[in-house]
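*Asks:* Data file start.cif (mmCIF, N, CA and C atoms) is appended below.
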data_work
#
loop_
_atom_site.label_atom_id
_atom_site.label_comp_id
_atom_site.auth_asym_id
_atom_site.auth_seq_id
_atom_site.Cartn_x
_atom_site.Cartn_y
_atom_site.Cartn_z
N MET R 1 16.61 -96.60 137.41
CA MET R 1 17.42 -97.59 136.74
C MET R 1 16.91 -98.98 137.14
N VAL R 2 16.52 -99.77 136.18
CA VAL R 2 16.00 -101.10 136.42
C VAL R 2 17.16 -102.08 136.46
N LYS R 3 17.21 -102.84 137.55
CA LYS R 3 18.29 -103.82 137.67
C LYS R 3 17.74 -105.20 137.35
N THR R 4 18.43 -105.90 136.45
CA THR R 4 18.06 -107.27 136.17
C THR R 4 18.92 -108.24 136.97
N ASP R 5 20.12 -107.82 137.27
CA ASP R 5 21.06 -108.65 138.00
C ASP R 5 21.94 -107.73 138.84
N ASP R 6 22.19 -108.09 140.09
CA ASP R 6 23.02 -107.24 140.96
C ASP R 6 24.41 -107.03 140.38
N LYS R 7 24.99 -108.07 139.81
CA LYS R 7 26.34 -107.96 139.26
C LYS R 7 26.35 -107.03 138.04
N THR R 8 25.34 -107.12 137.20
CA THR R 8 25.26 -106.25 136.02
C THR R 8 25.06 -104.80 136.44
N GLY R 9 24.19 -104.58 137.41
CA GLY R 9 23.95 -103.22 137.90
C GLY R 9 25.19 -102.64 138.53
N ASN R 10 25.91 -103.43 139.30
CA ASN R 10 27.12 -102.96 139.95
C ASN R 10 28.19 -102.62 138.92
N THR R 11 28.32 -103.43 137.88
CA THR R 11 29.29 -103.15 136.81
C THR R 11 28.93 -101.87 136.09
N ALA R 12 27.67 -101.66 135.83
CA ALA R 12 27.24 -100.43 135.17
C ALA R 12 27.52 -99.22 136.05
N ALA R 13 27.27 -99.35 137.35
CA ALA R 13 27.55 -98.24 138.27
C ALA R 13 29.03 -97.93 138.31
N LYS R 14 29.86 -98.96 138.31
CA LYS R 14 31.30 -98.75 138.31
C LYS R 14 31.75 -98.01 137.05
N LEU R 15 31.22 -98.40 135.91
CA LEU R 15 31.59 -97.73 134.66
C LEU R 15 31.09 -96.30 134.61
N LEU R 16 29.88 -96.09 135.10
CA LEU R 16 29.31 -94.75 135.12
C LEU R 16 30.04 -93.85 136.11
N TYR R 17 30.58 -94.44 137.16
CA TYR R 17 31.28 -93.66 138.20
C TYR R 17 32.68 -93.22 137.77
N ARG R 18 33.30 -93.91 136.85
CA ARG R 18 34.69 -93.63 136.47
C ARG R 18 34.97 -92.16 136.16
N PRO R 19 34.18 -91.48 135.35
CA PRO R 19 34.47 -90.05 135.10
C PRO R 19 34.39 -89.21 136.38
N PHE R 20 33.43 -89.53 137.24
CA PHE R 20 33.30 -88.79 138.51
C PHE R 20 34.52 -89.03 139.39
N GLY R 21 34.95 -90.28 139.45
CA GLY R 21 36.13 -90.61 140.25
C GLY R 21 37.38 -89.93 139.73
N LEU R 22 37.52 -89.85 138.42
CA LEU R 22 38.69 -89.21 137.81
C LEU R 22 38.70 -87.71 138.12
N ILE R 23 37.56 -87.07 137.97
CA ILE R 23 37.46 -85.63 138.28
C ILE R 23 37.75 -85.39 139.75
N GLY R 24 37.19 -86.24 140.60
CA GLY R 24 37.44 -86.11 142.04
C GLY R 24 38.90 -86.30 142.40
N SER R 25 39.56 -87.25 141.75
CA SER R 25 40.97 -87.50 142.02
C SER R 25 41.84 -86.32 141.63
N VAL R 26 41.57 -85.75 140.47
CA VAL R 26 42.35 -84.59 140.02
C VAL R 26 42.12 -83.40 140.96
N ALA R 27 40.88 -83.15 141.30
CA ALA R 27 40.57 -82.04 142.21
C ALA R 27 41.18 -82.29 143.59
N GLY R 28 41.07 -83.52 144.08
CA GLY R 28 41.64 -83.85 145.38
C GLY R 28 43.15 -83.72 145.40
N GLY R 29 43.81 -84.12 144.33
CA GLY R 29 45.26 -83.96 144.23
C GLY R 29 45.67 -82.50 144.26
N ALA R 30 44.92 -81.67 143.56
CA ALA R 30 45.22 -80.23 143.55
C ALA R 30 45.03 -79.63 144.95
N VAL R 31 43.95 -79.99 145.61
CA VAL R 31 43.70 -79.49 146.96
C VAL R 31 44.79 -79.97 147.92
N ALA R 32 45.16 -81.24 147.83
CA ALA R 32 46.19 -81.79 148.71
C ALA R 32 47.52 -81.08 148.49
N GLY R 33 47.85 -80.77 147.24
CA GLY R 33 49.09 -80.06 146.94
C GLY R 33 49.12 -78.67 147.56
N VAL R 34 48.03 -77.95 147.46
CA VAL R 34 47.95 -76.61 148.05
C VAL R 34 48.03 -76.68 149.57
N VAL R 35 47.31 -77.63 150.16
CA VAL R 35 47.33 -77.77 151.62
C VAL R 35 48.73 -78.15 152.09
N PHE R 36 49.39 -79.07 151.40
CA PHE R 36 50.75 -79.47 151.78
C PHE R 36 51.70 -78.28 151.72
N LYS R 37 51.63 -77.50 150.66
CA LYS R 37 52.52 -76.34 150.55
C LYS R 37 52.30 -75.35 151.70
N GLN R 38 51.05 -75.14 152.07
CA GLN R 38 50.76 -74.22 153.16
C GLN R 38 51.26 -74.77 154.51
N ILE R 39 51.06 -76.04 154.72
CA ILE R 39 51.54 -76.66 155.97
C ILE R 39 53.06 -76.60 156.02
N TRP R 40 53.72 -76.92 154.92
CA TRP R 40 55.19 -76.92 154.91
C TRP R 40 55.74 -75.51 155.11
N LYS R 41 55.10 -74.53 154.47
CA LYS R 41 55.55 -73.15 154.59
C LYS R 41 55.44 -72.67 156.04
N ARG R 42 54.38 -73.04 156.72
CA ARG R 42 54.19 -72.60 158.11
C ARG R 42 55.04 -73.41 159.10
N ALA R 43 55.36 -74.64 158.75
CA ALA R 43 56.09 -75.52 159.67
C ALA R 43 57.60 -75.35 159.62
N THR R 44 58.11 -74.79 158.53
CA THR R 44 59.56 -74.67 158.39
C THR R 44 59.97 -73.21 158.44
N PRO R 45 60.96 -72.91 159.27
CA PRO R 45 61.45 -71.52 159.34
C PRO R 45 62.37 -71.22 158.16
N GLY R 46 62.55 -69.95 157.90
CA GLY R 46 63.48 -69.53 156.86
C GLY R 46 62.79 -69.00 155.63
N ASP R 47 63.64 -68.63 154.67
CA ASP R 47 63.14 -68.02 153.44
C ASP R 47 62.60 -69.04 152.44
N ASN R 48 63.16 -70.25 152.44
CA ASN R 48 62.76 -71.25 151.47
C ASN R 48 61.49 -71.96 151.95
N ALA R 49 60.37 -71.60 151.36
CA ALA R 49 59.08 -72.15 151.78
C ALA R 49 58.73 -73.44 151.03
N ASP R 50 59.53 -73.79 150.03
CA ASP R 50 59.24 -74.99 149.25
C ASP R 50 59.76 -76.23 149.96
N ALA R 51 59.04 -77.32 149.82
CA ALA R 51 59.47 -78.59 150.39
C ALA R 51 60.70 -79.08 149.64
N PRO R 52 61.60 -79.76 150.33
CA PRO R 52 62.82 -80.24 149.68
C PRO R 52 62.53 -81.41 148.75
N GLY R 53 63.24 -81.43 147.64
CA GLY R 53 63.14 -82.55 146.71
C GLY R 53 64.23 -83.57 147.01
N ALA R 54 64.06 -84.76 146.54
CA ALA R 54 65.00 -85.84 146.83
C ALA R 54 66.38 -85.58 146.24
N LEU R 55 66.47 -84.80 145.19
CA LEU R 55 67.76 -84.56 144.53
C LEU R 55 68.39 -83.23 144.91
N GLU R 56 67.85 -82.55 145.89
CA GLU R 56 68.42 -81.28 146.33
C GLU R 56 69.45 -81.55 147.42
N SER R 57 70.71 -81.28 147.11
CA SER R 57 71.81 -81.64 148.01
C SER R 57 71.91 -80.74 149.23
N GLU R 58 71.31 -79.57 149.21
CA GLU R 58 71.42 -78.66 150.36
C GLU R 58 70.53 -79.07 151.54
N HIS R 59 69.67 -80.06 151.35
CA HIS R 59 68.79 -80.52 152.43
C HIS R 59 69.28 -81.85 152.98
N ARG R 60 69.09 -82.01 154.29
CA ARG R 60 69.46 -83.27 154.94
C ARG R 60 68.44 -84.34 154.58
N LEU R 61 68.87 -85.59 154.62
CA LEU R 61 68.00 -86.71 154.27
C LEU R 61 66.77 -86.74 155.18
N ARG R 62 66.97 -86.46 156.46
CA ARG R 62 65.85 -86.49 157.40
C ARG R 62 64.76 -85.51 156.98
N GLU R 63 65.15 -84.31 156.56
CA GLU R 63 64.17 -83.31 156.14
C GLU R 63 63.43 -83.76 154.89
N ILE R 64 64.14 -84.38 153.97
CA ILE R 64 63.52 -84.87 152.75
C ILE R 64 62.52 -85.99 153.07
N LEU R 65 62.89 -86.88 153.97
CA LEU R 65 62.00 -87.99 154.33
C LEU R 65 60.76 -87.52 155.09
N VAL R 66 60.94 -86.54 155.96
CA VAL R 66 59.79 -85.99 156.69
C VAL R 66 58.82 -85.32 155.70
N ALA R 67 59.36 -84.56 154.77
CA ALA R 67 58.51 -83.90 153.77
C ALA R 67 57.77 -84.92 152.92
N ALA R 68 58.47 -85.97 152.49
CA ALA R 68 57.84 -87.00 151.65
C ALA R 68 56.76 -87.76 152.43
N ALA R 69 57.04 -88.08 153.69
CA ALA R 69 56.05 -88.80 154.50
C ALA R 69 54.81 -87.94 154.75
N LEU R 70 55.02 -86.68 155.06
CA LEU R 70 53.89 -85.78 155.29
C LEU R 70 53.06 -85.61 154.02
N GLN R 71 53.75 -85.43 152.91
CA GLN R 71 53.04 -85.25 151.64
C GLN R 71 52.27 -86.52 151.27
N GLY R 72 52.87 -87.68 151.44
CA GLY R 72 52.19 -88.93 151.12
C GLY R 72 50.98 -89.17 152.00
N ALA R 73 51.14 -88.91 153.30
CA ALA R 73 50.01 -89.10 154.23
C ALA R 73 48.88 -88.14 153.91
N LEU R 74 49.22 -86.91 153.60
CA LEU R 74 48.21 -85.91 153.28
C LEU R 74 47.47 -86.26 151.99
N PHE R 75 48.21 -86.70 150.98
CA PHE R 75 47.56 -87.08 149.73
C PHE R 75 46.64 -88.28 149.94
N ALA R 76 47.07 -89.26 150.74
CA ALA R 76 46.23 -90.43 151.00
C ALA R 76 44.96 -90.04 151.76
N LEU R 77 45.10 -89.16 152.73
CA LEU R 77 43.95 -88.69 153.51
C LEU R 77 42.95 -87.95 152.62
N VAL R 78 43.44 -87.02 151.82
CA VAL R 78 42.56 -86.26 150.94
C VAL R 78 41.92 -87.17 149.90
N LYS R 79 42.68 -88.12 149.36
CA LYS R 79 42.13 -89.04 148.37
C LYS R 79 40.99 -89.87 148.97
N ALA R 80 41.19 -90.36 150.18
CA ALA R 80 40.14 -91.15 150.83
C ALA R 80 38.90 -90.31 151.08
N LEU R 81 39.09 -89.08 151.54
CA LEU R 81 37.94 -88.20 151.78
C LEU R 81 37.19 -87.87 150.50
N VAL R 82 37.93 -87.55 149.45
CA VAL R 82 37.30 -87.19 148.17
C VAL R 82 36.62 -88.41 147.56
N ASP R 83 37.29 -89.56 147.55
CA ASP R 83 36.69 -90.77 146.99
C ASP R 83 35.39 -91.14 147.70
N ARG R 84 35.42 -91.08 149.02
CA ARG R 84 34.23 -91.43 149.79
C ARG R 84 33.11 -90.41 149.56
N GLY R 85 33.46 -89.15 149.54
CA GLY R 85 32.47 -88.11 149.29
C GLY R 85 31.85 -88.22 147.91
N MET R 86 32.69 -88.45 146.90
CA MET R 86 32.18 -88.60 145.53
C MET R 86 31.27 -89.83 145.43
N ALA R 87 31.65 -90.92 146.09
CA ALA R 87 30.82 -92.13 146.06
C ALA R 87 29.47 -91.88 146.74
N ASN R 88 29.47 -91.13 147.84
CA ASN R 88 28.21 -90.80 148.51
C ASN R 88 27.31 -89.94 147.63
N VAL R 89 27.88 -88.95 146.97
CA VAL R 89 27.09 -88.08 146.06
C VAL R 89 26.56 -88.90 144.89
N PHE R 90 27.42 -89.75 144.32
CA PHE R 90 27.01 -90.60 143.21
C PHE R 90 25.84 -91.49 143.63
N THR R 91 25.94 -92.09 144.80
CA THR R 91 24.88 -92.97 145.30
C THR R 91 23.58 -92.21 145.52
N LYS R 92 23.71 -90.99 146.01
CA LYS R 92 22.51 -90.17 146.24
C LYS R 92 21.76 -89.91 144.94
N PHE R 93 22.49 -89.65 143.85
CA PHE R 93 21.84 -89.31 142.58
C PHE R 93 21.49 -90.54 141.75
N ILE R 94 22.34 -91.56 141.75
CA ILE R 94 22.12 -92.73 140.90
C ILE R 94 21.37 -93.83 141.65
N GLY R 95 21.59 -93.92 142.95
CA GLY R 95 20.89 -94.92 143.73
C GLY R 95 21.65 -96.22 143.91
N GLU R 96 22.90 -96.24 143.48
CA GLU R 96 23.69 -97.46 143.61
C GLU R 96 25.11 -97.11 143.99
N TRP R 97 25.68 -97.87 144.91
CA TRP R 97 27.05 -97.64 145.35
C TRP R 97 28.02 -98.06 144.23
N PRO R 98 29.01 -97.21 143.91
CA PRO R 98 29.88 -97.50 142.78
C PRO R 98 30.96 -98.54 143.06
N GLY R 99 31.14 -98.93 144.29
CA GLY R 99 32.18 -99.91 144.62
C GLY R 99 31.62 -101.30 144.82
N ASP R 100 32.28 -102.05 145.66
CA ASP R 100 31.92 -103.42 146.04
C ASP R 100 32.09 -104.34 144.89
#
Using C-alpha coordinates, write down the structure from this file.
*Replies:*
Amino acid sequence: MVKTDDKTGNTAAKLLYRPFGLIGSVAGGAVAGVVFKQIWKRATPGDNADAPGALESEHRLREILVAAALQGALFALVKALVDRGMANVFTKFIGEWPGD
(Lines of atoms letter the chains of each structure in order from A and count residues from 1; the text may use other names and numbers.)
(Lines give C-alpha, C1' and ligand atoms only; values in the text may rest on other atoms or scores of the structure.)
Protein backbone atom coordinates (compact mmCIF):
# COMPACT_ATOMS: atom_id res chain seq x y z
CA MET A 1 0.00 0.00 0.00
CA VAL A 2 1.54 3.28 -1.12
CA LYS A 3 1.07 6.12 1.31
CA THR A 4 0.97 9.67 0.02
CA ASP A 5 0.07 11.22 3.35
CA ASP A 6 0.13 9.74 6.87
CA LYS A 7 -3.32 11.13 7.64
CA THR A 8 -4.82 9.71 4.44
CA GLY A 9 -3.22 6.31 5.05
CA ASN A 10 -4.43 6.25 8.64
CA THR A 11 -7.99 7.13 7.56
CA ALA A 12 -7.95 4.37 4.97
CA ALA A 13 -6.68 1.88 7.57
CA LYS A 14 -9.43 2.90 9.96
CA LEU A 15 -12.09 2.40 7.30
CA LEU A 16 -10.63 -0.91 6.20
CA TYR A 17 -10.43 -2.08 9.83
CA ARG A 18 -14.12 -1.42 10.63
CA PRO A 19 -15.46 -4.79 9.40
CA PHE A 20 -12.70 -6.61 11.30
CA GLY A 21 -13.45 -4.64 14.45
CA LEU A 22 -17.17 -5.36 14.16
CA ILE A 23 -16.62 -9.10 13.72
CA GLY A 24 -14.19 -9.10 16.63
CA SER A 25 -16.64 -7.23 18.85
CA VAL A 26 -19.47 -9.65 18.14
CA ALA A 27 -17.24 -12.67 18.71
CA GLY A 28 -15.76 -11.13 21.86
CA GLY A 29 -19.22 -10.38 23.25
CA ALA A 30 -20.30 -13.96 22.67
CA VAL A 31 -17.18 -15.32 24.35
CA ALA A 32 -17.57 -12.93 27.30
CA GLY A 33 -21.20 -14.00 27.73
CA VAL A 34 -20.30 -17.69 27.85
CA VAL A 35 -17.40 -17.07 30.25
CA PHE A 36 -19.59 -14.94 32.54
CA LYS A 37 -22.30 -17.61 32.67
CA GLN A 38 -19.73 -20.27 33.58
CA ILE A 39 -18.14 -18.10 36.27
CA TRP A 40 -21.54 -17.20 37.74
CA LYS A 41 -22.71 -20.82 37.70
CA ARG A 42 -19.61 -21.98 39.57
CA ALA A 43 -19.55 -19.04 42.00
CA THR A 44 -23.15 -19.23 43.18
CA PRO A 45 -24.60 -22.16 45.09
CA GLY A 46 -28.05 -23.53 44.43
CA ASP A 47 -30.19 -24.63 41.54
CA ASN A 48 -30.51 -21.27 39.79
CA ALA A 49 -27.34 -20.95 37.73
CA ASP A 50 -28.48 -17.83 35.88
CA ALA A 51 -27.28 -14.39 36.94
CA PRO A 52 -29.97 -12.21 38.50
CA GLY A 53 -31.62 -9.54 36.42
CA ALA A 54 -32.35 -6.05 37.70
CA LEU A 55 -36.11 -6.63 37.64
CA GLU A 56 -36.12 -9.99 39.43
CA SER A 57 -37.60 -9.36 42.87
CA GLU A 58 -36.42 -12.63 44.43
CA HIS A 59 -32.78 -11.43 44.40
CA ARG A 60 -31.23 -8.95 46.79
CA LEU A 61 -29.88 -5.69 45.37
CA ARG A 62 -26.35 -6.60 46.46
CA GLU A 63 -26.44 -9.81 44.40
CA ILE A 64 -27.74 -7.94 41.36
CA LEU A 65 -25.02 -5.29 41.65
CA VAL A 66 -22.25 -7.86 42.08
CA ALA A 67 -23.47 -9.74 39.00
CA ALA A 68 -23.68 -6.52 36.95
CA ALA A 69 -20.22 -5.37 38.06
CA LEU A 70 -18.64 -8.73 37.28
CA GLN A 71 -20.35 -8.92 33.91
CA GLY A 72 -19.33 -5.36 33.00
CA ALA A 73 -15.72 -5.89 34.04
CA LEU A 74 -15.52 -9.16 32.15
CA PHE A 75 -17.00 -7.66 28.99
CA ALA A 76 -14.56 -4.71 29.16
CA LEU A 77 -11.61 -7.05 29.66
CA VAL A 78 -12.58 -9.33 26.77
CA LYS A 79 -13.32 -6.34 24.52
CA ALA A 80 -9.88 -4.85 25.21
CA LEU A 81 -8.17 -8.18 24.54
CA VAL A 82 -10.10 -8.81 21.32
CA ASP A 83 -9.68 -5.24 20.04
CA ARG A 84 -5.95 -5.29 20.68
CA GLY A 85 -5.54 -8.73 19.15
CA MET A 86 -7.54 -7.83 16.06
CA ALA A 87 -5.52 -4.62 15.64
CA ASN A 88 -2.26 -6.60 15.88
CA VAL A 89 -3.43 -9.12 13.27
CA PHE A 90 -4.66 -6.30 11.02
CA THR A 91 -1.30 -4.54 11.31
CA LYS A 92 0.57 -7.74 10.54
CA PHE A 93 -1.33 -8.23 7.26
CA ILE A 94 -1.94 -4.62 6.16
CA GLY A 95 1.16 -2.99 7.60
CA GLU A 96 -0.58 -0.09 9.28
CA TRP A 97 -2.04 0.35 12.76
CA PRO A 98 -5.82 0.92 12.53
CA GLY A 99 -5.99 3.39 15.43
CA ASP A 100 -4.25 6.63 16.39
*Asks:* Which residues are near region 20-26 of chain R? Cut-off 7 Å, only C-alpha atoms, ignore same chain within fewer than 2 positions. Put them as a PyMOL selection string.
*Replies:* chain R and resi 17-18+28-30+79+82-83+86
*Asks:* May I ask for the distance between CA of Lys41 (chain R) and CA of Leu81 (chain R), given in Å to one decimal place?
*Replies:*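 We find that CA of Lys41 (chain R) and CA of Leu81 (chain R) lie 23.3 Å from each other.
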*Asks:* I'd like the contact shell of Ala51 (chain R) - 7 Å cut-off, only N, CA and C atoms, skipping same-chain residues fewer than 3 positions apart - returned as a PyMOL selection string.
*Replies:* chain R and resi 37+40-41+48+67
*Asks:* For Ala80 (chain R), which residue out of R:Trp97, R:Gly46, R:Gly53, R:Ala32 is the nearest one, using only C-alpha atoms?
*Replies:* R:Ala32
*Asks:* Could you tell me which residues the PyMOL selection byres ((chain R and resi 98) around 6) grabs in this file, written as a ChimeraX atom specification?
*Replies:* /R:13-14,87,96-97,99-100
